[in-house]
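query-v3.txt (compact mmCIF, C-alpha atoms)
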# COMPACT_ATOMS: atom_id res chain seq x y z
CA MET A 233 126.97 125.76 65.59
CA GLU A 234 125.14 128.65 64.04
CA LEU A 235 124.74 131.60 66.41
CA ARG A 236 121.00 131.98 65.97
CA ILE A 237 120.15 128.43 66.89
CA GLN A 238 122.65 128.54 69.70
CA LEU A 239 120.92 131.61 71.11
CA VAL A 240 117.51 129.95 70.88
CA ALA A 241 118.83 126.87 72.66
CA ILE A 242 120.44 128.93 75.40
CA ILE A 243 117.31 130.99 75.97
CA ALA A 244 115.05 127.93 76.04
CA ALA A 245 117.25 125.98 78.46
CA ALA A 246 117.81 128.98 80.72
CA GLY A 247 114.10 129.74 80.64
CA LEU A 248 113.25 126.20 81.65
CA PHE A 249 115.74 126.37 84.49
CA VAL A 250 114.30 129.64 85.79
CA VAL A 251 110.70 128.45 85.52
CA VAL A 252 111.44 125.26 87.47
CA LEU A 253 113.31 127.18 90.14
CA GLU A 254 110.45 129.63 90.45
CA LEU A 255 107.93 126.77 90.80
CA VAL A 256 110.01 125.28 93.60
CA ARG A 257 110.27 128.69 95.26
CA ARG A 258 106.48 129.02 95.23
CA ARG A 259 106.14 125.50 96.64
CA ARG A 260 104.21 124.39 93.59
CA LEU A 261 106.84 121.76 92.78
CA LEU A 262 108.52 119.48 95.27
CA GLU A 263 112.31 119.49 95.25
CA ARG A 264 112.18 115.74 94.76
CA TYR A 265 110.55 116.17 91.36
CA ALA A 266 112.35 119.37 90.48
CA LEU A 267 115.83 117.88 90.67
CA LEU A 268 115.60 115.91 87.45
CA TRP A 269 114.14 118.93 85.66
CA LEU A 270 116.88 121.22 86.91
CA PHE A 271 119.52 118.72 85.97
CA SER A 272 118.09 118.38 82.44
CA ALA A 273 117.89 122.14 81.99
CA LEU A 274 121.45 122.61 83.23
CA ALA A 275 122.83 119.91 80.98
CA LEU A 276 121.09 121.37 77.93
CA LEU A 277 122.21 124.87 78.86
CA GLY A 278 125.77 123.69 79.26
CA LEU A 279 125.78 122.01 75.87
CA ALA A 280 124.17 125.03 74.23
CA VAL A 281 126.77 127.37 75.64
CA TRP A 282 129.74 125.08 75.21
CA SER A 283 129.14 124.27 71.58
CA GLY A 284 132.55 122.66 71.18
CA LEU A 285 131.51 119.79 73.43
CA LEU A 286 128.22 119.44 71.59
CA GLU A 287 130.04 119.20 68.26
CA GLN A 288 132.32 116.53 69.68
CA ILE A 289 129.39 114.52 70.95
CA ALA A 290 127.64 114.90 67.59
CA ARG A 291 130.70 113.61 65.77
CA LEU A 292 131.06 110.76 68.22
CA ILE A 293 127.56 109.43 67.61
CA GLY A 294 127.59 110.25 63.91
CA ILE A 295 125.31 113.26 63.76
CA ILE A 296 126.33 115.72 61.07
CA TYR A 297 124.39 118.73 62.27
CA PRO A 298 125.28 119.40 65.94
CA PRO A 299 121.96 121.02 66.99
CA ASN A 300 120.34 117.67 66.19
CA ALA A 301 122.51 116.14 68.88
CA LEU A 302 121.05 118.69 71.26
CA PHE A 303 117.54 117.59 70.28
CA LEU A 304 118.48 113.98 70.76
CA ILE A 305 119.84 114.66 74.23
CA ALA A 306 116.79 116.72 75.11
CA PHE A 307 114.59 113.86 73.95
CA GLY A 308 116.55 111.49 76.16
CA PHE A 309 115.86 113.71 79.14
CA VAL A 310 112.17 113.86 78.27
CA LEU A 311 112.00 110.06 78.24
CA LEU A 312 113.80 109.94 81.56
CA LEU A 313 111.39 112.44 83.07
CA LEU A 314 108.37 110.52 81.81
CA LEU A 315 109.67 107.30 83.26
CA HIS A 316 110.30 109.10 86.51
CA PHE A 317 106.69 110.25 86.60
CA SER A 318 105.36 106.80 85.77
CA LEU A 319 107.30 105.53 88.77
CA ALA A 320 105.89 108.28 90.94
CA VAL A 321 102.34 107.58 89.76
CA SER A 322 102.77 103.86 90.40
CA ARG A 323 104.01 104.48 93.88
CA LEU A 324 101.16 106.87 94.59
CA THR A 325 98.64 104.36 93.26
CA ASP A 326 100.00 101.72 95.58
CA GLN A 327 100.06 104.05 98.56
CA THR A 328 96.55 105.25 97.83
CA LYS A 329 95.36 101.65 97.73
CA VAL A 330 96.85 100.87 101.11
CA LEU A 331 95.41 104.07 102.58
CA ALA A 332 91.95 103.27 101.25
CA GLN A 333 92.12 99.77 102.71
CA ARG A 334 93.32 100.96 106.09
CA LEU A 335 90.66 103.67 106.19
CA ALA A 336 87.92 101.21 105.29
CA LEU A 337 89.07 98.71 107.92
CA LEU A 338 89.32 101.44 110.52
CA GLU A 339 85.84 102.71 109.73
CA GLN A 340 84.50 99.20 109.96
CA ARG A 341 86.19 98.68 113.32
CA GLN A 342 84.74 101.89 114.65
CA GLY A 343 81.34 101.15 113.20
CA ARG A 344 81.19 104.50 111.49
CA PRO A 345 78.60 103.86 108.76
CA ASP A 346 75.04 103.96 110.17
CA GLY A 347 76.42 103.83 113.69
CA GLU A 348 76.85 100.09 113.35
CA PRO A 349 78.22 98.59 116.59
CA ALA A 350 81.88 97.69 116.72
CA PRO A 351 82.54 94.10 115.68
CA ASP A 352 83.69 91.32 117.94
CA GLY A 353 87.38 92.08 117.57
CA GLU A 354 88.20 90.88 121.09
CA ALA A 355 86.35 87.61 120.75
CA ARG A 356 88.43 86.84 117.71
CA ALA A 357 91.69 87.36 119.51
CA SER A 358 91.28 84.02 121.25
CA VAL A 359 91.51 82.10 118.02
CA ALA A 360 94.42 84.17 116.81
CA GLY A 361 96.83 81.29 117.38
CA ARG A 362 98.82 80.62 114.27
CA SER A 363 98.01 77.41 112.53
CA GLY A 364 101.06 77.71 110.30
CA GLY A 365 101.54 74.96 107.79
CA GLY A 366 100.29 72.35 110.19
CA GLU A 367 96.73 72.34 108.95
CA MET B 49 88.61 66.41 111.93
CA PRO B 50 85.57 68.55 111.13
CA ALA B 51 86.28 71.74 109.22
CA ALA B 52 84.38 73.77 111.77
CA THR B 53 87.34 73.72 114.14
CA TYR B 54 89.00 76.40 112.01
CA SER B 55 87.69 79.92 112.27
CA THR B 56 86.85 80.86 108.71
CA LEU B 57 86.04 84.17 107.10
CA ALA B 58 84.16 84.42 103.83
CA VAL B 59 85.19 87.53 101.95
CA VAL B 60 82.67 88.79 99.43
CA PRO B 61 84.10 91.47 97.16
CA ALA B 62 81.20 93.43 95.69
CA TYR B 63 81.16 96.31 93.29
CA ASN B 64 77.64 97.48 92.47
CA GLU B 65 76.14 94.09 93.27
CA ALA B 66 73.14 95.28 95.27
CA ALA B 67 70.91 93.00 93.21
CA THR B 68 72.71 89.81 94.17
CA VAL B 69 74.76 90.37 97.30
CA ARG B 70 71.79 89.76 99.61
CA ASP B 71 71.21 86.31 98.16
CA VAL B 72 74.90 85.51 98.36
CA ILE B 73 74.92 86.31 102.07
CA ARG B 74 71.70 84.40 102.76
CA GLU B 75 73.08 81.42 100.95
CA LEU B 76 76.27 81.61 102.97
CA SER B 77 74.43 81.72 106.28
CA ARG B 78 72.27 78.81 105.18
CA ASP B 79 74.86 76.52 103.59
CA ALA B 80 77.96 77.52 105.54
CA PRO B 81 76.58 78.73 108.88
CA ASP B 82 79.86 78.52 110.79
CA VAL B 83 81.59 80.92 108.42
CA ASP B 84 81.73 84.63 109.24
CA VAL B 85 80.90 86.88 106.33
CA LEU B 86 82.69 90.09 105.40
CA VAL B 87 81.49 92.06 102.41
CA VAL B 88 84.07 94.36 100.89
CA ASP B 89 82.10 97.09 99.18
CA ASP B 90 84.53 98.27 96.53
CA GLY B 91 83.33 101.85 96.30
CA SER B 92 79.91 100.90 94.96
CA THR B 93 77.60 103.66 93.84
CA ASP B 94 74.47 101.62 94.46
CA ALA B 95 73.05 100.21 97.69
CA THR B 96 75.45 97.26 97.91
CA ALA B 97 76.66 98.12 101.43
CA GLU B 98 73.16 98.67 102.80
CA ALA B 99 71.87 95.46 101.24
CA ALA B 100 74.78 93.50 102.68
CA ARG B 101 74.34 94.99 106.13
CA GLU B 102 70.61 94.26 106.09
CA ALA B 103 71.36 90.66 105.22
CA GLY B 104 73.53 90.45 108.32
CA ALA B 105 77.06 90.67 106.97
CA ARG B 106 79.84 92.83 108.27
CA VAL B 107 80.73 95.41 105.67
CA VAL B 108 83.95 97.20 104.87
CA THR B 109 83.35 100.11 102.54
CA LEU B 110 86.28 101.27 100.47
CA PRO B 111 86.25 105.03 99.87
CA PHE B 112 86.60 104.52 96.13
CA ASN B 113 86.85 101.68 93.65
CA LEU B 114 90.13 99.82 93.99
CA GLY B 115 89.38 96.97 91.63
CA ILE B 116 89.07 93.31 92.54
CA GLY B 117 92.67 92.91 93.73
CA GLY B 118 92.54 95.80 96.17
CA ALA B 119 89.12 94.73 97.42
CA VAL B 120 90.09 91.14 98.10
CA GLN B 121 93.33 92.25 99.73
CA THR B 122 91.22 94.28 102.16
CA GLY B 123 89.62 90.97 103.08
CA PHE B 124 93.02 89.36 103.61
CA ALA B 125 94.06 92.23 105.86
CA PHE B 126 90.84 91.89 107.85
CA ALA B 127 91.28 88.14 108.21
CA LEU B 128 94.87 88.63 109.35
CA ASP B 129 94.01 91.40 111.82
CA ASN B 130 91.17 89.41 113.32
CA GLY B 131 93.03 86.16 113.65
CA TYR B 132 91.04 84.03 111.25
CA GLU B 133 92.71 80.76 110.43
CA ARG B 134 91.11 80.46 107.04
CA MET B 135 89.60 82.69 104.43
CA VAL B 136 87.41 81.85 101.50
CA GLN B 137 86.65 84.24 98.68
CA VAL B 138 83.06 84.18 97.43
CA ASP B 139 82.17 86.61 94.66
CA GLY B 140 79.31 89.00 95.23
CA ASP B 141 77.61 88.21 91.93
CA GLY B 142 76.31 84.82 92.98
CA GLN B 143 78.66 82.89 90.74
CA HIS B 144 80.21 80.95 93.60
CA LEU B 145 77.99 78.59 95.57
CA ALA B 146 78.15 78.60 99.34
CA SER B 147 77.27 74.91 99.31
CA GLU B 148 80.52 74.23 97.44
CA ILE B 149 82.72 75.72 100.18
CA ARG B 150 82.50 72.31 101.80
CA ARG B 151 84.52 70.85 98.92
CA LEU B 152 87.27 73.41 99.37
CA ARG B 153 87.46 72.71 103.08
CA ASP B 154 87.47 68.97 102.61
CA ALA B 155 90.37 69.35 100.21
CA MET B 156 92.33 71.46 102.69
CA ASP B 157 91.54 69.17 105.62
CA GLY B 158 92.33 66.10 103.60
CA GLU B 159 95.82 67.07 102.61
CA PRO B 160 98.05 68.63 105.25
CA GLY B 161 100.36 71.42 104.12
CA ILE B 162 98.04 72.82 101.49
CA ASP B 163 97.92 76.60 101.78
CA MET B 164 95.45 77.43 99.03
CA VAL B 165 92.64 75.39 97.52
CA CYS B 166 91.16 76.64 94.25
CA GLY B 167 87.71 75.75 93.07
CA SER B 168 88.00 74.74 89.45
CA ARG B 169 85.31 74.71 86.79
CA PHE B 170 87.33 72.62 84.40
CA LEU B 171 88.55 69.64 86.40
CA ARG B 172 85.34 67.87 85.57
CA ASP B 173 82.71 68.62 82.99
CA ASN B 174 80.06 70.36 85.01
CA GLY B 175 78.18 72.22 82.38
CA TYR B 176 79.89 75.55 82.92
CA LEU B 177 80.01 77.46 79.69
CA ALA B 178 82.02 80.64 79.58
CA PRO B 179 82.16 82.61 76.32
CA ILE B 180 84.63 80.96 73.96
CA SER B 181 86.97 83.96 73.97
CA ARG B 182 87.28 83.86 77.70
CA ARG B 183 87.71 80.09 77.84
CA THR B 184 90.53 80.29 75.30
CA GLY B 185 92.28 82.86 77.46
CA ILE B 186 91.79 80.77 80.57
CA HIS B 187 93.26 77.72 78.86
CA ILE B 188 96.29 79.66 77.67
CA PHE B 189 96.95 80.84 81.21
CA ALA B 190 96.30 77.34 82.50
CA PHE B 191 98.87 75.93 80.11
CA LEU B 192 101.52 78.53 80.94
CA LEU B 193 100.98 78.37 84.68
CA SER B 194 101.00 74.59 84.75
CA ARG B 195 104.38 74.67 83.05
CA ILE B 196 105.79 77.28 85.37
CA VAL B 197 104.60 75.89 88.67
CA GLY B 198 105.09 72.28 87.69
CA GLN B 199 101.63 71.13 88.68
CA ARG B 200 98.35 71.10 86.82
CA VAL B 201 96.41 74.33 87.15
CA SER B 202 93.15 73.94 85.28
CA ASP B 203 91.30 77.10 86.29
CA PRO B 204 93.76 79.86 87.12
CA THR B 205 91.18 82.67 86.88
CA SER B 206 88.80 81.21 89.42
CA GLY B 207 88.43 83.46 92.44
CA PHE B 208 86.65 80.78 94.47
CA ARG B 209 89.51 79.87 96.76
CA LEU B 210 90.19 78.86 100.32
CA TYR B 211 93.34 80.12 102.03
CA ASN B 212 95.04 79.15 105.25
CA ARG B 213 96.88 81.43 107.63
CA ARG B 214 100.14 81.41 105.69
CA ALA B 215 98.44 82.33 102.44
CA ILE B 216 96.39 85.01 104.22
CA ALA B 217 99.58 86.53 105.62
CA LEU B 218 101.25 86.48 102.22
CA PHE B 219 98.38 88.09 100.37
CA ALA B 220 97.56 90.62 103.07
CA ARG B 221 101.04 91.91 102.45
CA ASP B 222 101.27 91.63 98.70
CA TYR B 223 98.38 90.94 96.37
CA PRO B 224 98.28 91.83 92.67
CA HIS B 225 96.29 94.88 91.62
CA ASP B 226 93.94 94.39 88.72
CA TYR B 227 93.36 90.76 87.79
CA PRO B 228 94.94 88.99 90.71
CA GLU B 229 93.99 85.33 90.46
CA VAL B 230 96.51 84.22 87.86
CA GLU B 231 99.38 86.04 89.46
CA ALA B 232 98.38 84.79 92.90
CA VAL B 233 99.03 81.23 91.71
CA LEU B 234 102.54 82.30 90.74
CA MET B 235 103.10 83.99 94.07
CA VAL B 236 102.06 80.88 95.93
CA HIS B 237 104.61 78.97 93.90
CA HIS B 238 107.43 81.46 94.38
CA HIS B 239 106.87 81.57 98.10
CA GLN B 240 106.99 77.82 98.27
CA LEU B 241 103.45 77.57 99.50
CA ARG B 242 101.35 74.70 98.23
CA MET B 243 98.08 74.78 96.37
CA SER B 244 95.63 72.26 95.06
CA GLU B 245 92.50 72.33 92.98
CA VAL B 246 89.15 70.75 93.49
CA ALA B 247 86.24 70.50 91.08
CA VAL B 248 83.33 72.76 91.97
CA LYS B 249 80.09 73.84 90.40
CA MET B 250 79.73 77.48 89.51
CA LEU B 251 76.79 79.41 88.17
CA GLU B 252 76.62 81.89 85.37
CA ARG B 253 76.84 85.38 86.72
CA GLY B 254 73.70 86.41 88.60
CA GLY B 255 73.82 90.09 87.83
CA GLY B 256 76.07 93.13 87.67
CA VAL B 257 78.89 93.44 85.22
CA SER B 258 81.91 91.18 85.14
CA SER B 259 85.23 92.78 85.91
CA ILE B 260 86.26 91.35 82.56
CA SER B 261 83.96 92.49 79.77
CA SER B 262 84.59 90.85 76.43
CA GLY B 263 85.90 94.11 75.01
CA LYS B 264 88.58 94.21 77.62
CA SER B 265 89.68 90.62 77.36
CA ALA B 266 92.54 91.39 74.98
CA TYR B 267 93.86 93.98 77.39
CA TYR B 268 93.37 91.47 80.19
CA MET B 269 95.33 88.82 78.32
CA VAL B 270 98.26 91.11 77.62
CA LYS B 271 98.36 92.48 81.11
CA VAL B 272 98.25 89.12 82.80
CA LEU B 273 100.88 87.73 80.43
CA LEU B 274 103.11 90.67 81.34
CA ALA B 275 102.46 89.96 85.00
CA ILE B 276 103.33 86.29 84.52
CA PHE B 277 106.62 86.96 82.78
CA VAL B 278 107.66 89.80 85.03
CA GLY B 279 106.61 87.67 87.96
CA LEU B 280 109.13 85.06 86.87
CA LEU B 281 111.91 87.58 87.28
CA ARG B 282 110.71 89.18 90.46
CA ARG B 283 112.16 88.80 93.90
CA ARG B 284 109.51 88.34 96.50
CA PRO B 285 109.73 89.30 100.13
CA VAL B 286 109.97 86.45 102.59
CA VAL B 287 106.57 86.01 104.19
CA GLU B 288 107.50 84.52 107.49
CA PRO B 289 110.68 84.99 109.41
CA GLY B 290 112.83 81.93 109.04
CA ASP B 291 111.26 80.89 105.76
CA ALA B 292 113.44 79.81 102.92
CA SER B 293 114.19 82.76 100.69
CA PRO B 294 111.54 82.98 97.98
CA THR B 295 114.17 83.63 95.35
CA ALA B 296 115.43 80.14 96.02
CA ALA B 297 112.18 78.79 94.62
CA ALA B 298 112.82 76.74 91.55
CA HIS B 299 111.27 78.26 88.50
CA GLY B 300 111.64 78.28 84.78
CA ILE B 301 109.51 76.98 81.96

Go through the file and emit its structure as structure tokens.
Amino acid sequence: MELRIQLVAIIAAAGLFVVVLELVRRRRLLERYALLWLFSALALLGLAVWSGLLEQIARLIGIIYPPNALFLIAFGFVLLLLLHFSLAVSRLTDQTKVLAQRLALLEQRQGRPDGEPAPDGEARASVAGRSGGGE
Amino acid sequence: MPAATYSTLAVVPAYNEAATVRDVIRELSRDAPDVDVLVVDDGSTDATAEAAREAGARVVTLPFNLGIGGAVQTGFAFALDNGYERMVQVDGDGQHLASEIRRLRDAMDGEPGIDMVCGSRFLRDNGYLAPISRRTGIHIFAFLLSRIVGQRVSDPTSGFRLYNRRAIALFARDYPHDYPEVEAVLMVHHHQLRMSEVAVKMLERGGGVSSISSGKSAYYMVKVLLAIFVGLLRRRPVVEPGDASPTAAAHGI
């Protein structure tokens, strides 16, 4: 691999690694979400430094110009990260929904809006017997 | 046995329905007086909650808009927490008639073991005319669902449904997010619950904006189709201890 492009790759990967570490240190990024970033940066850094391995990988998957293999691998990591975030967003959406529902039910029970009196929660308990499938 | 022996909660999901929700509640107290009414105000920015409270309903106000699935699920959770034996969903736009609840109850009383009764607009010709684009979509879902669940489902997008305790427990725990009705039919099937349909009259929408505008119907179609096909592959949690495992449910087209 040409030295110039190797240098650029090393600097970029190392820079990414340092930036992510710094964000974690400042508590701007949770470790949970930093791990995949750090792993990606390390893998790219390793391949950039150890160009022999990169060339082997490139040959293995039929890429003539080894730096292109680096791009391909980087792209793979980007996809992985995006999927990871979609999962995180989905989970947050679901959790937010449950929180909103619980909050609304709690407020209703306490009669928060307009000082509305608490509902007849106790009266209902008497009919709480399960009817099951026997209806 | 008269239906009144079962404690029943009517859940009215309402998003910016201040214009119609009052009438819906009045109609409920007139035509179904033994049914308790809970309005789920889905983060409305108008006076929906105030109007509902004035009309005498209990109101649960969500802190922000969750969409119809999240709103109705709030109703399921309320019904479960408060020990209701049955729950009926009545939309806040005046589309569902309180006087038709009787038909749903009769269907559930008349056939033991039914966990969900759906009010259908298409079982009988009753003059209901949805826009053609929407009707086409409904019929496609109806066809697919009927194949999957092995029983005729004529109106899978109807929200006018009566649930018993088992269905309430299931949906309080897991109810689809955005356009829940179609997927709910699948869930009932996968959990080996039983459903039936009964012909009901419905009105055109009284006011407000449908959760499905015509511009969004393509998105709706694709999303629900995705939900149907993913739903076929999904493992579902067992609802009640001792139940047969839901993954044992027979499915396949």

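Proximity to Met269 (chain B) at 10 Å, evaluated using all atoms listed in the file and with sequence-adjacent residues fewer than 6 positions away removed, yields Arg182, Gly185, Ile186, Ile188, Phe189, Tyr227 and Ala275 of chain B.
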
>> Quick check: residues of chain B within 7 Å of chain A, all atoms listed in the file, returned as an NGL selection string.
In response: :B and (107-111 or 114 or 118 or 122 or 130-133 or 157 or 160-161 or 213-214)

>> I'd like the interatomic distance between CA of Gly247 (chain A) and CA of Val321 (chain A), to a tenth of an Å.
In response: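 Straight-line distance from CA of Gly247 (chain A) to CA of Val321 (chain A) works out to 26.7 Å.
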
> How many Å lie between CA of Ala245 (chain A) and CA of Leu277 (chain A), rounded to one decimal?
Replying inline: 5.1 Å

>> List as number ranges by chain the protein and nucleic acid residues near Leu192 (chain B), meaning an atom at most 12 Å away when only C-alpha atoms are counted, but skip any in the same chain fewer than 2 places from it.
In response: B: 185-190, 194-204, 230-231, 233-234, 272-273, 276-277, 280, 300-301

>> Restricting the calculation to all atoms listed in the file: of B:Ser265, B:Gln137, B:Ser77, B:Thr93, which residue gets closest to Asn212 (chain B)?
In response: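 Looking at the shortest contact to Asn212 (chain B), the residue is B:Gln137.
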
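Put simply, CA of Glu75 (chain B) is 6.0 Å away from CA of Ala146 (chain B).
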
>> I'd like to know which of B:Arg209, B:Lys271, B:Lys249, B:Arg183 is closest to Asp226 (chain B), using all atoms listed in the file.
In response: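 So, comparing all the options, the nearest one is B:Lys271.
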